[in-house]
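Engineer: The following file, protein_4.txt, comprises compact mmCIF, C-alpha atoms:
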# COMPACT_ATOMS: atom_id res chain seq x y z
CA MET I 21 9.11 32.06 40.24
CA ALA I 22 10.50 35.44 41.25
CA ALA I 23 9.05 37.11 44.30
CA LEU I 24 5.73 38.79 43.60
CA SER I 25 5.96 41.05 46.63
CA SER I 26 7.97 44.21 46.76
CA SER I 27 7.18 44.83 50.41
CA SER I 28 7.73 42.85 53.59
CA ALA I 29 5.43 44.92 55.80
CA ALA I 30 3.24 42.81 58.04
CA SER I 31 -0.06 44.45 57.13
CA SER I 32 -2.03 41.39 56.08
CA GLY I 33 -3.42 38.33 57.83
CA ALA I 34 -1.48 35.10 57.60
CA PRO I 35 -1.67 33.62 54.07
CA PRO I 36 -3.38 30.23 53.70
CA PRO I 37 -1.52 26.97 53.01
CA PRO I 38 -0.48 26.45 49.37
CA VAL I 39 -3.17 25.29 46.95
CA GLU I 40 -3.07 21.53 46.34
CA PHE I 41 -4.67 19.43 43.62
CA THR I 42 -5.67 15.78 43.53
CA GLN I 43 -4.38 13.39 40.87
CA GLU I 44 -7.85 13.33 39.30
CA GLU I 45 -7.85 17.12 39.03
CA LEU I 46 -4.36 17.19 37.51
CA GLU I 47 -5.34 14.55 34.96
CA CYS I 48 -8.45 16.55 34.04
CA MET I 49 -6.34 19.70 33.58
CA SER I 50 -4.07 17.75 31.24
CA LYS I 51 -7.10 16.66 29.23
CA VAL I 52 -8.30 20.25 28.99
CA LYS I 53 -4.86 21.37 27.81
CA ALA I 54 -4.67 18.60 25.23
CA GLN I 55 -8.14 19.40 23.90
CA LEU I 56 -7.32 23.11 23.63
CA VAL I 57 -4.14 22.35 21.66
CA ALA I 58 -5.98 19.85 19.46
CA GLY I 59 -8.55 22.56 18.77
CA GLY I 60 -5.87 24.88 17.44
CA LEU I 61 -4.95 27.01 20.47
CA ASP I 62 -1.27 27.92 20.58
CA GLU I 63 0.24 26.13 23.58
CA ALA I 64 2.07 29.34 24.47
CA ARG I 65 -1.33 30.84 25.37
CA ILE I 66 -2.08 28.14 27.92
CA SER I 67 -1.16 29.19 31.46
CA PRO I 68 -1.21 26.47 34.15
CA ARG I 69 -2.70 28.54 36.99
CA GLU I 70 -5.53 30.01 34.94
CA LEU I 71 -6.19 26.65 33.30
CA ALA I 72 -6.33 24.97 36.73
CA LEU I 73 -8.81 27.51 38.10
CA THR I 74 -10.98 27.31 34.99
CA THR I 75 -11.00 23.51 35.16
CA LEU I 76 -12.01 23.38 38.82
CA ASN I 77 -14.62 26.12 38.43
CA SER I 78 -16.03 24.02 35.56
CA LYS I 79 -16.29 21.09 38.00
CA LEU I 80 -13.82 19.02 35.96
CA ARG I 81 -16.02 19.10 32.86
CA VAL I 82 -13.48 19.15 30.05
CA ASP I 83 -15.70 20.66 27.33
CA ASP I 84 -16.99 23.37 29.68
CA ALA I 85 -13.47 24.20 30.83
CA CYS I 86 -12.21 24.54 27.26
CA GLU I 87 -15.10 26.81 26.32
CA LYS I 88 -14.62 29.02 29.39
CA TYR I 89 -10.85 29.24 28.98
CA ILE I 90 -11.19 30.35 25.35
CA ALA I 91 -13.88 32.88 26.31
CA TRP I 92 -11.63 34.29 29.03
CA LEU I 93 -8.69 34.57 26.64
CA ASP I 94 -10.85 36.22 23.99
CA ALA I 95 -12.14 38.75 26.52
CA ILE I 96 -8.73 39.93 27.71
CA GLN I 97 -7.34 39.99 24.16
CA VAL I 98 -9.66 42.92 23.40
CA PHE I 99 -7.39 44.95 25.70
CA GLY I 100 -4.15 43.86 24.04
CA LEU I 101 -3.49 40.94 26.37
CA ASN I 102 -2.73 37.96 24.16
CA SER I 103 -2.21 35.54 27.00
CA PHE I 104 -2.13 35.40 30.78
CA ASP I 105 1.65 35.85 30.58
CA ASP I 106 0.82 39.38 29.44
CA VAL I 107 -1.35 39.78 32.54
CA TRP I 108 1.49 38.78 34.90
CA ALA I 109 4.35 40.39 32.91
CA GLU I 110 6.47 42.59 35.22
CA VAL I 111 4.44 41.52 38.26
CA LYS I 112 6.44 38.27 38.30
CA GLN I 113 9.49 40.38 39.10
CA GLY I 114 7.70 42.17 41.91
CA ASP I 115 6.85 45.35 39.97
CA TRP I 116 3.25 46.33 40.83
CA SER I 117 3.64 50.02 40.02
CA LEU I 118 1.25 49.88 37.05
CA VAL I 119 -1.24 47.23 38.16
CA GLY I 120 -1.28 47.75 41.93
CA PRO I 121 -3.18 51.09 41.97
CA LEU I 122 -6.02 49.49 39.94
CA LEU I 123 -6.74 47.07 42.79
CA ARG I 124 -8.66 50.01 44.29
CA SER I 125 -11.78 48.66 42.57
CA TYR I 126 -11.76 45.73 45.01
CA ALA I 127 -11.95 45.36 48.77
CA VAL I 128 -9.87 42.96 50.81
CA CYS I 129 -12.01 40.66 52.95
CA GLY I 130 -11.84 37.56 55.07
CA THR I 131 -13.92 34.43 54.48
CA ASP I 132 -17.61 33.61 54.66
CA ALA I 133 -19.16 31.29 57.24
CA MET I 134 -18.09 28.25 55.18
CA GLY I 135 -14.47 29.35 54.95
CA ARG I 136 -14.74 30.47 51.32
CA SER I 137 -13.16 33.71 50.10
CA ILE I 138 -15.33 36.79 49.66
CA MET I 139 -14.77 38.55 46.35
CA TRP I 140 -15.91 42.13 46.95
CA ILE I 141 -16.06 44.73 44.18
CA GLN I 142 -16.44 48.28 45.44
CA GLY I 143 -16.46 49.79 41.98
CA GLY I 144 -15.41 53.18 40.72
CA GLY I 145 -15.07 54.19 37.07
CA ILE I 146 -12.08 53.12 34.99
CA LYS I 147 -10.49 55.72 32.73
CA PRO I 148 -9.97 54.52 29.15
CA GLU I 149 -6.20 54.77 29.48
CA ASP I 150 -6.35 52.46 32.53
CA GLU I 151 -8.48 49.73 30.95
CA ALA I 152 -5.72 47.20 30.25
CA ALA I 153 -4.12 47.67 33.67
CA SER I 154 -7.55 47.36 35.27
CA VAL I 155 -8.24 44.08 33.46
CA ARG I 156 -4.84 42.79 34.59
CA ALA I 157 -5.56 43.83 38.18
CA GLY I 158 -8.94 42.09 37.99
CA VAL I 159 -7.43 38.82 36.78
CA LEU I 160 -4.74 38.87 39.48
CA TYR I 161 -7.26 39.68 42.21
CA PHE I 162 -9.52 36.91 40.91
CA MET I 163 -6.64 34.45 41.04
CA ALA I 164 -5.73 35.60 44.56
CA ILE I 165 -9.33 35.16 45.73
CA HIS I 166 -9.15 31.48 44.75
CA ALA I 167 -5.65 30.88 46.11
CA ASP I 168 -6.71 28.66 48.99
CA ASN I 169 -7.95 25.10 48.98
CA THR I 170 -11.49 25.86 50.13
CA SER I 171 -12.19 28.60 47.57
CA MET I 172 -10.45 26.70 44.79
CA HIS I 173 -12.52 23.58 45.37
CA GLU I 174 -15.83 24.93 46.71
CA GLY I 175 -16.32 28.36 45.17
CA ILE I 176 -16.68 31.84 46.67
CA THR I 177 -19.13 34.45 47.89
CA PHE I 178 -19.37 37.38 45.45
CA VAL I 179 -20.43 40.91 46.46
CA ILE I 180 -20.78 43.94 44.18
CA ASP I 181 -21.30 47.23 46.02
CA THR I 182 -22.75 49.63 43.43
CA SER I 183 -23.27 52.52 45.87
CA LYS I 184 -19.79 53.93 45.10
CA ASN I 185 -19.95 53.41 41.35
CA ASP I 186 -21.34 56.66 39.95
CA THR I 187 -18.34 57.78 37.85
CA ARG I 188 -18.73 56.69 34.23
CA TYR I 189 -16.46 56.96 31.20
CA GLY I 190 -18.60 55.25 28.57
CA ASN I 191 -16.59 52.02 28.62
CA GLU I 192 -18.65 50.20 31.23
CA LYS I 193 -20.31 47.72 28.86
CA GLN I 194 -17.01 46.81 27.25
CA LEU I 195 -15.45 46.13 30.65
CA GLN I 196 -18.54 44.22 31.79
CA ARG I 197 -18.01 41.79 28.92
CA VAL I 198 -14.59 40.98 30.35
CA TRP I 199 -15.87 40.42 33.89
CA GLN I 200 -18.67 38.21 32.56
CA ALA I 201 -16.07 36.00 30.87
CA PHE I 202 -14.29 35.21 34.14
CA PRO I 203 -14.89 31.53 35.05
CA LEU I 204 -16.82 32.25 38.23
CA ARG I 205 -18.19 29.65 40.61
CA PRO I 206 -20.04 31.77 43.16
CA GLN I 207 -22.14 30.15 45.86
CA ARG I 208 -23.80 33.48 46.70
CA ILE I 209 -23.99 36.70 44.66
CA PHE I 210 -25.08 39.95 46.28
CA ILE I 211 -25.56 43.22 44.39
CA ALA I 212 -25.72 45.88 47.08
CA GLY I 213 -26.66 49.54 47.06
CA ALA I 214 -28.37 49.54 43.66
CA SER I 215 -31.02 52.20 43.03
CA MET I 216 -34.00 51.30 40.86
CA LEU I 217 -32.33 52.90 37.84
CA LYS I 218 -29.15 50.93 38.46
CA ARG I 219 -31.19 47.76 38.86
CA VAL I 220 -32.70 48.27 35.41
CA PHE I 221 -29.19 48.70 33.98
CA ILE I 222 -27.84 45.70 35.92
CA ASN I 223 -30.79 43.53 34.90
CA GLY I 224 -29.89 44.32 31.32
CA LEU I 225 -26.36 43.09 31.97
CA ILE I 226 -27.72 39.96 33.65
CA LYS I 227 -29.91 39.29 30.63
CA PHE I 228 -26.82 39.63 28.44
CA ALA I 229 -24.83 37.40 30.80
CA SER I 230 -27.53 34.73 30.55
CA LEU I 231 -26.17 33.97 27.08
CA PHE I 232 -22.94 32.76 28.68
CA VAL I 233 -23.74 31.86 32.31
CA LYS I 234 -25.81 28.95 33.51
CA ALA I 235 -29.26 29.74 34.93
CA LYS I 236 -28.24 28.05 38.18
CA VAL I 237 -25.62 30.74 38.74
CA LEU I 238 -27.90 33.61 37.68
CA GLY I 239 -30.47 32.30 40.14
CA ARG I 240 -28.04 32.98 42.98
CA ILE I 241 -28.03 36.74 42.33
CA GLU I 242 -29.74 38.76 45.05
CA PHE I 243 -30.28 42.53 45.05
CA ALA I 244 -29.84 43.58 48.65
CA GLU I 245 -29.21 46.50 50.94
CA LEU I 246 -25.80 46.51 52.57
CA ASP I 247 -27.34 45.57 55.93
CA ARG I 248 -28.66 42.38 54.35
CA VAL I 249 -25.23 41.54 52.94
CA LEU I 250 -23.63 42.10 56.32
CA SER I 251 -26.13 39.72 57.89
CA GLU I 252 -24.72 36.99 55.63
CA VAL I 253 -21.04 37.99 55.67
CA PRO I 254 -19.30 37.72 59.06
CA ILE I 255 -18.54 41.24 60.26
CA GLN I 256 -14.95 40.27 61.01
CA SER I 257 -14.60 39.33 57.34
CA ALA I 258 -16.39 42.33 55.78
CA PRO I 259 -14.30 45.17 54.28
CA ALA I 260 -12.97 47.86 56.57
CA TYR I 261 -14.85 50.62 54.71
CA VAL I 262 -18.19 49.15 55.85
CA GLY I 263 -16.99 48.71 59.42
CA GLY I 264 -15.71 45.15 59.11
CA GLY I 265 -12.48 43.53 60.18
CA ALA I 266 -11.44 42.48 56.65
CA GLY I 267 -10.27 39.13 57.99
CA GLY I 268 -7.33 40.84 59.68
CA ASN I 269 -6.11 42.25 56.38
CA THR I 270 -5.34 45.94 55.91
CA ASP I 271 -3.55 46.18 52.56
CA ILE I 272 -5.12 44.74 49.42
CA LEU I 273 -1.85 44.87 47.47
CA LEU I 274 0.10 42.93 50.09
CA TRP I 275 -2.81 40.51 50.53
CA THR I 276 -2.92 39.87 46.77
CA GLN I 277 0.84 39.37 46.61
CA GLN I 278 0.92 36.92 49.51
CA ARG I 279 -1.98 34.91 48.15
CA LEU I 280 -0.46 34.61 44.68
CA GLU I 281 2.85 33.45 46.14
CA GLY I 282 0.98 30.45 47.57
CA PHE I 283 -0.54 29.54 44.21
CA ALA I 284 2.17 27.52 42.51
CA GLU I 285 1.81 26.46 38.88
CA PRO I 286 0.48 22.90 38.65
CA LYS I 287 2.63 20.52 36.62
CA ILE I 288 0.44 19.72 33.62
What is this file in C-alpha cells?
Structural biologist:
Amino acid sequence: MAALSSSSAASSGAPPPPVEFTQEELECMSKVKAQLVAGGLDEARISPRELALTTLNSKLRVDDACEKYIAWLDAIQVFGLNSFDDVWAEVKQGDWSLVGPLLRSYAVCGTDAMGRSIMWIQGGGIKPEDEAASVRAGVLYFMAIHADNTSMHEGITFVIDTSKNDTRYGNEKQLQRVWQAFPLRPQRIFIAGASMLKRVFINGLIKFASLFVKAKVLGRIEFAELDRVLSEVPIQSAPAYVGGGAGGNTDILLWTQQRLEGFAEPKI
C-alpha cells in the first residue's frame, strides 16, 4: 500500500504495534465475505479492513456482521460512495487535501483506563458541499480509532461533546443516519454538554437508533457534564482543548495517518 502520510513531522505519540488477528477471526471474516457474496453483494464492494472491523465488532457473529456491513455500505452510498475504496481513494497515495480538513469534527485522544481508544467527537456543522468528504473523514477516523489490538478486540470509549455543536445546515438528521450505521462496539458512551433542548433532540435520535442498535449498547449512553467525563477519562488522554494531554498527540491528521499505516489488510 502506498504511504498514507504526506508529512514526517514528529507531532504525534508513537503508533501502536500493527493489528493482528487470530486464525479463528480470519476464518470468521472469510465466512462473512462468502455469505455477503452468496447474498448478491458484488465482491468489489467488500473491503478487507472494514469487513474485519465489522466482524470483530459483531463479536464474530456472521449474520450480525453481514447485516452491519450492508447497513454501513448503504449509509455511505447515499453520499455517492459506492464502496470503501471510494472512501480511501486518493488518500492511499497520501493526498489528504480534501478529507484532512474534515477531521476537525474529531479530537485526538489517548486511551482510557483499560487501554482502549477514546473516540471523541467535538462536533461543528457540516456544510452540504462537504458532506461526502465529511463521511469519508469519519470512516477513516473510525478505522484509525480501532487500529490497535486492544480497541479492535475489546471496543472503545465514545464521547460526544455537544457544547460546540450549535451551527446547523439542515442536514444533521441525514448525517446522523450515517453515523448510526457505523458498526460501533462502545464500552462507555458519554454525551457531554447537552442542554435540555439538545437532550430532547438527542433522545429522539436515540429512539431512532434503537431500531438498529442493541438495547445493551443504548443502555451504556450517559448524559454528563464535561467534569463527569473527565473523571472517567484519564486527563493525560483527554483532548487538548479541554486541558488534557491527548495521549501525547498534537496533530489529528498525522495521528490518523500513522494509525492507518499500522492497519494492514487481512488476507481473506
Engineer: Which residues are close to Lys88 in chain I, i.e. within 8 Å by all atoms listed in the file, leaving aside same-chain residues fewer than 5 positions away? Reply as a PyMOL selection string.
Structural biologist: chain I and resi 74+201-203
Engineer: For Val57 in chain I, which residue among I:Ile90, I:Pro38, I:Glu281, I:Val179 is the nearest when counting only C-alpha atoms?
Structural biologist: I:Ile90
Engineer: Taking 6 positions as the minimum chain separation for residues in the same chain, which residues sit within 12 Å of Ala157 in chain I when counting all atoms listed in the file? Answer as a VMD selection string.
Structural biologist: chain I and resid 96 104 106 to 109 111 116 to 126 146 150 to 151 163 to 164 199 272 to 273 276 to 277
Engineer: Considering all atoms listed in the file, can you say which of I:Asp62, I:Pro36, I:Leu250, I:Phe283 comes closest to Gly264 in chain I?
Structural biologist: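 Smallest separation from Gly264 in chain I among the options: I:Leu250.
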Engineer: Rounded to one decimal place, report the CA of Cys86 in chain I-CA of Val159 in chain I distance in Å.
Structural biologist: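 Separating CA of Cys86 in chain I from CA of Val159 in chain I is a distance of 17.8 Å.
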Engineer: Between I:Gln207, I:Ser137, I:Gln43, I:Gln278, which is the closest to Ser171 in chain I once you count all atoms listed in the file?
Structural biologist: I:Ser137
Engineer: Between I:Asp168, I:Asp83, I:Glu245, I:Glu63, which is the closest to Arg136 in chain I once you count all atoms listed in the file?
Structural biologist: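 Checking each candidate against Arg136 in chain I, we get I:Asp168 as the closest.
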Engineer: From the list I:Tyr89, I:Phe41, I:Trp140, I:Phe162, which residue is nearest Leu61 in chain I when using all atoms listed in the file?
Structural biologist: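 Smallest separation from Leu61 in chain I among the options: I:Tyr89.
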Engineer: What's around Met49 in chain I at 9 Å? Count all atoms listed in the file, leave out sequence neighbours fewer than 5 positions away in its own chain, and write the answer as an MDAnalysis selection string.
Structural biologist: chainID I and resid 44 54 68 71:72 75:76 80 82 85 288
Engineer: Just checking: using all atoms listed in the file, which residue out of I:Gly100, I:Ala95, I:Gly190, I:Met139 ends up closest to Ala167 in chain I?
Structural biologist: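 Among the listed residues, the smallest separation from Ala167 in chain I belongs to I:Met139.
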Engineer: Around the point (-34.6, 40.8, 46.9), in the coordinates given by the file, pick out the residues reaching within 12 Å, counting only C-alpha atoms, and return them as a PDB file with C-alpha atoms, in the frame of the given file.
Structural biologist:
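The result, written out as result-v1.pdb:
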ATOM      1  CA  ILE I 209     -23.990  36.700  44.660  1.00  0.00           C
ATOM      2  CA  PHE I 210     -25.080  39.950  46.280  1.00  0.00           C
ATOM      3  CA  ILE I 211     -25.560  43.220  44.390  1.00  0.00           C
ATOM      4  CA  ALA I 212     -25.720  45.880  47.080  1.00  0.00           C
ATOM      5  CA  GLY I 213     -26.660  49.540  47.060  1.00  0.00           C
ATOM      6  CA  ALA I 214     -28.370  49.540  43.660  1.00  0.00           C
ATOM      7  CA  ARG I 219     -31.190  47.760  38.860  1.00  0.00           C
ATOM      8  CA  GLY I 239     -30.470  32.300  40.140  1.00  0.00           C
ATOM      9  CA  ARG I 240     -28.040  32.980  42.980  1.00  0.00           C
ATOM     10  CA  ILE I 241     -28.030  36.740  42.330  1.00  0.00           C
ATOM     11  CA  GLU I 242     -29.740  38.760  45.050  1.00  0.00           C
ATOM     12  CA  PHE I 243     -30.280  42.530  45.050  1.00  0.00           C
ATOM     13  CA  ALA I 244     -29.840  43.580  48.650  1.00  0.00           C
ATOM     14  CA  GLU I 245     -29.210  46.500  50.940  1.00  0.00           C
ATOM     15  CA  LEU I 246     -25.800  46.510  52.570  1.00  0.00           C
ATOM     16  CA  ARG I 248     -28.660  42.380  54.350  1.00  0.00           C
ATOM     17  CA  VAL I 249     -25.230  41.540  52.940  1.00  0.00           C
TER      18      VAL I 249
END
Engineer: Quick one: pull the distance between CA of Leu101 in chain I and CA of Gln113 in chain I, Å, one decimal.
Structural biologist: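 CA of Gln113 in chain I lies at a distance of 18.2 Å from CA of Leu101 in chain I.
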Engineer: Between CA of Gln55 in chain I and CA of Ser67 in chain I, what is the distance, to one decimal in Å?
Structural biologist: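 Distance reported for this atom pair: 14.2 Å.
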